[in-house]
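K.L.:
Provided herewith is a single structure, encoded as structure tokens, for subsequent inquiry.
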Amino acid sequence: MTYLIEADDLVATVPGTLTLKDLDSDLIQQCLISTLLAPAHYTIAQILAEDWGHDARQVLGLGLKHASGLHTKTGGKVIKNVSGYDLSKIYLGSCESLAKIETASLRLEKLPLLICELSLKLERELDLD
């Protein structure tokens, strides 16, 4: 599964079908972490649609598919200071009743270096997958 992690901009654009476990395991390799709080086996779309522990400010944009087949995008990959409605917030917590979440652009956080090194070392020693 391919997706884009922009480490310099602290943004990841991921498919809705990606699990939180898979996302976090890829992010830890770059000393990054998402701020999504949910069971590891949940997909990104489930977490966002069911309003599991996420801060709406961490969702920068969404790629959506409506029941009519229309594909739309809301937000983007950067934080903008503009007036108007942020349509991404309407779809968060909607249980995908308005549209199916296909992609999400998420704000990432940098891990402190010590925690990153310990996490990677522990992962190697325990051979976690």
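Every chain in the structure tokens takes a letter, A first, then B, and so on in the order presented; its residues are numbered from 1, and the ligands are numbered from 1 following the presented order.
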Considering only strand (DSSP E) as DSSP defines it on the backbone, what residues of chain A qualify? List them as a PDB file with C-alpha atoms, in the first residue's frame.
P.N.:
```
ATOM      1  CA  LEU A   4       2.963   9.802   1.132  1.00  0.00           C
ATOM      2  CA  ILE A   5       4.792  10.806   4.305  1.00  0.00           C
ATOM      3  CA  GLU A   6       6.259  14.295   4.099  1.00  0.00           C
ATOM      4  CA  VAL A  11       2.154  15.591   7.035  1.00  0.00           C
ATOM      5  CA  ALA A  12       1.061  12.120   5.911  1.00  0.00           C
ATOM      6  CA  THR A  13      -1.506  11.526   3.179  1.00  0.00           C
ATOM      7  CA  VAL A  14      -2.820   8.011   3.700  1.00  0.00           C
ATOM      8  CA  PRO A  15      -5.588   5.793   2.317  1.00  0.00           C
ATOM      9  CA  LEU A  32       7.290  10.544  13.684  1.00  0.00           C
ATOM     10  CA  ILE A  33       3.963   9.664  15.253  1.00  0.00           C
ATOM     11  CA  VAL A  59      -6.944  16.302  10.033  1.00  0.00           C
ATOM     12  CA  LEU A  60      -5.783  18.684   7.317  1.00  0.00           C
ATOM     13  CA  GLY A  61      -7.811  17.278   4.441  1.00  0.00           C
ATOM     14  CA  LEU A  62      -9.933  14.383   3.217  1.00  0.00           C
ATOM     15  CA  GLY A  63     -10.536  12.600  -0.074  1.00  0.00           C
ATOM     16  CA  LEU A  64     -14.156  11.475  -0.228  1.00  0.00           C
ATOM     17  CA  LYS A  65     -16.443   9.351  -2.369  1.00  0.00           C
ATOM     18  CA  HIS A  71     -15.134  12.168  -5.713  1.00  0.00           C
ATOM     19  CA  THR A  72     -14.373  15.335  -3.748  1.00  0.00           C
ATOM     20  CA  LYS A  73     -11.522  16.706  -1.661  1.00  0.00           C
ATOM     21  CA  THR A  74     -11.671  18.967   1.351  1.00  0.00           C
ATOM     22  CA  GLY A  75      -8.850  20.862   2.982  1.00  0.00           C
ATOM     23  CA  LYS A 100     -16.868   7.401   2.347  1.00  0.00           C
ATOM     24  CA  ILE A 101     -13.428   8.559   3.494  1.00  0.00           C
ATOM     25  CA  GLU A 102     -10.899   7.359   0.906  1.00  0.00           C
ATOM     26  CA  THR A 103      -7.824   9.375   1.915  1.00  0.00           C
ATOM     27  CA  ALA A 104      -6.794  11.607   4.787  1.00  0.00           C
ATOM     28  CA  SER A 105      -4.014  14.157   5.193  1.00  0.00           C
ATOM     29  CA  LEU A 106      -2.906  14.073   8.810  1.00  0.00           C
ATOM     30  CA  ARG A 107      -0.659  16.331  10.832  1.00  0.00           C
ATOM     31  CA  GLU A 109       4.330  14.995  15.527  1.00  0.00           C
ATOM     32  CA  LYS A 110       8.058  14.475  15.928  1.00  0.00           C
TER      33      LYS A 110
END
```
K.L.:
May I have the residues within 9 Å of Ile47 in chain A as a PyMOL selection string, using only C-alpha atoms and disregarding those fewer than 5 positions away in the same chain?
P.N.:
chain A and resi 20+36-39+42+52-54+92-93
K.L.:
As number ranges by chain, please: the residues near range 112-127 of chain A (cut-off 8 Å, only C-alpha atoms, same-chain neighbours under 2 positions excluded).
P.N.:
A: 28-29, 31, 110, 129
K.L.:
Just want the 7 Å neighbourhood of Ala49 in chain A, counted on only C-alpha atoms, with same-chain residues fewer than 3 positions away dropped. Output as a PyMOL selection string.
P.N.:
chain A and resi 45-46+91-96
K.L.:
Find the distance between CA of Asp55 in chain A and CA of Ser68 in chain A and write it in Å to one decimal.
P.N.:
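Spanning CA of Asp55 in chain A to CA of Ser68 in chain A is a straight-line distance of 29.0 Å.
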K.L.:
Could you check how far CA of Ser97 in chain A sits from CA of Leu18 in chain A, in Å to one decimal?
P.N.:
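Value for the CA of Ser97 in chain A-CA of Leu18 in chain A distance: 19.8 Å.
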K.L.:
Tell me, in Å to one decimal, how far CA of Ala7 in chain A is from CA of Leu108 in chain A.
P.N.:
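Computing the Euclidean distance for CA of Ala7 in chain A and CA of Leu108 in chain A yields 8.3 Å.
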K.L.:
Write down as a PyMOL selection string the residues belonging to range 5-79 of chain A that are assigned alpha helix (DSSP H) by DSSP computed on the backbone.
P.N.:
chain A and resi 20-28+44-49
K.L.:
Since we have the selection now, will you write its residues out, keeping N, CA and C atoms, as a PDB file, in the first residue's frame?
P.N.:
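Heads up, here's the output in selection-v2.pdb:
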```
ATOM      1  N   LEU A  20      -4.146   1.715  11.723  1.00  0.00           N
ATOM      2  CA  LEU A  20      -3.333   2.573  12.580  1.00  0.00           C
ATOM      3  C   LEU A  20      -2.011   1.889  12.918  1.00  0.00           C
ATOM      4  N   LYS A  21      -2.030   0.590  13.087  1.00  0.00           N
ATOM      5  CA  LYS A  21      -0.806  -0.163  13.393  1.00  0.00           C
ATOM      6  C   LYS A  21       0.208  -0.014  12.258  1.00  0.00           C
ATOM      7  N   ASP A  22      -0.244  -0.174  11.025  1.00  0.00           N
ATOM      8  CA  ASP A  22       0.655  -0.059   9.871  1.00  0.00           C
ATOM      9  C   ASP A  22       1.198   1.361   9.722  1.00  0.00           C
ATOM     10  N   LEU A  23       0.335   2.341   9.935  1.00  0.00           N
ATOM     11  CA  LEU A  23       0.779   3.730   9.848  1.00  0.00           C
ATOM     12  C   LEU A  23       1.830   4.027  10.912  1.00  0.00           C
ATOM     13  N   ASP A  24       1.551   3.658  12.154  1.00  0.00           N
ATOM     14  CA  ASP A  24       2.495   3.946  13.234  1.00  0.00           C
ATOM     15  C   ASP A  24       3.824   3.225  13.054  1.00  0.00           C
ATOM     16  N   SER A  25       3.794   1.995  12.534  1.00  0.00           N
ATOM     17  CA  SER A  25       5.052   1.272  12.345  1.00  0.00           C
ATOM     18  C   SER A  25       5.908   1.926  11.253  1.00  0.00           C
ATOM     19  N   ASP A  26       5.280   2.519  10.243  1.00  0.00           N
ATOM     20  CA  ASP A  26       6.041   3.237   9.218  1.00  0.00           C
ATOM     21  C   ASP A  26       6.534   4.584   9.730  1.00  0.00           C
ATOM     22  N   LEU A  27       5.719   5.243  10.519  1.00  0.00           N
ATOM     23  CA  LEU A  27       6.102   6.555  11.039  1.00  0.00           C
ATOM     24  C   LEU A  27       7.257   6.472  12.026  1.00  0.00           C
ATOM     25  N   ILE A  28       7.274   5.423  12.850  1.00  0.00           N
ATOM     26  CA  ILE A  28       8.331   5.305  13.866  1.00  0.00           C
ATOM     27  C   ILE A  28       9.699   5.202  13.213  1.00  0.00           C
ATOM     28  N   ILE A  44      -7.862   4.027   9.245  1.00  0.00           N
ATOM     29  CA  ILE A  44      -7.900   5.480   9.386  1.00  0.00           C
ATOM     30  C   ILE A  44      -9.315   5.992   9.143  1.00  0.00           C
ATOM     31  N   ALA A  45     -10.003   5.446   8.147  1.00  0.00           N
ATOM     32  CA  ALA A  45     -11.378   5.871   7.853  1.00  0.00           C
ATOM     33  C   ALA A  45     -12.297   5.581   9.038  1.00  0.00           C
ATOM     34  N   GLN A  46     -12.162   4.416   9.660  1.00  0.00           N
ATOM     35  CA  GLN A  46     -12.986   4.091  10.826  1.00  0.00           C
ATOM     36  C   GLN A  46     -12.741   5.060  11.973  1.00  0.00           C
ATOM     37  N   ILE A  47     -11.483   5.350  12.223  1.00  0.00           N
ATOM     38  CA  ILE A  47     -11.132   6.234  13.332  1.00  0.00           C
ATOM     39  C   ILE A  47     -11.747   7.617  13.129  1.00  0.00           C
ATOM     40  N   LEU A  48     -11.633   8.131  11.912  1.00  0.00           N
ATOM     41  CA  LEU A  48     -12.140   9.472  11.636  1.00  0.00           C
ATOM     42  C   LEU A  48     -13.661   9.503  11.542  1.00  0.00           C
ATOM     43  N   ALA A  49     -14.249   8.498  10.904  1.00  0.00           N
ATOM     44  CA  ALA A  49     -15.698   8.479  10.714  1.00  0.00           C
ATOM     45  C   ALA A  49     -16.449   8.200  12.009  1.00  0.00           C
TER      46      ALA A  49
END
```
K.L.:
Go through A:Lys89, A:Gly76, A:Thr17, A:Leu10 one by one, measure the shortest atom-to-atom distance of each to His41 in chain A using only C-alpha atoms, and give the residue with the smallest value.
P.N.:
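Smallest distance to His41 in chain A is found for A:Thr17.
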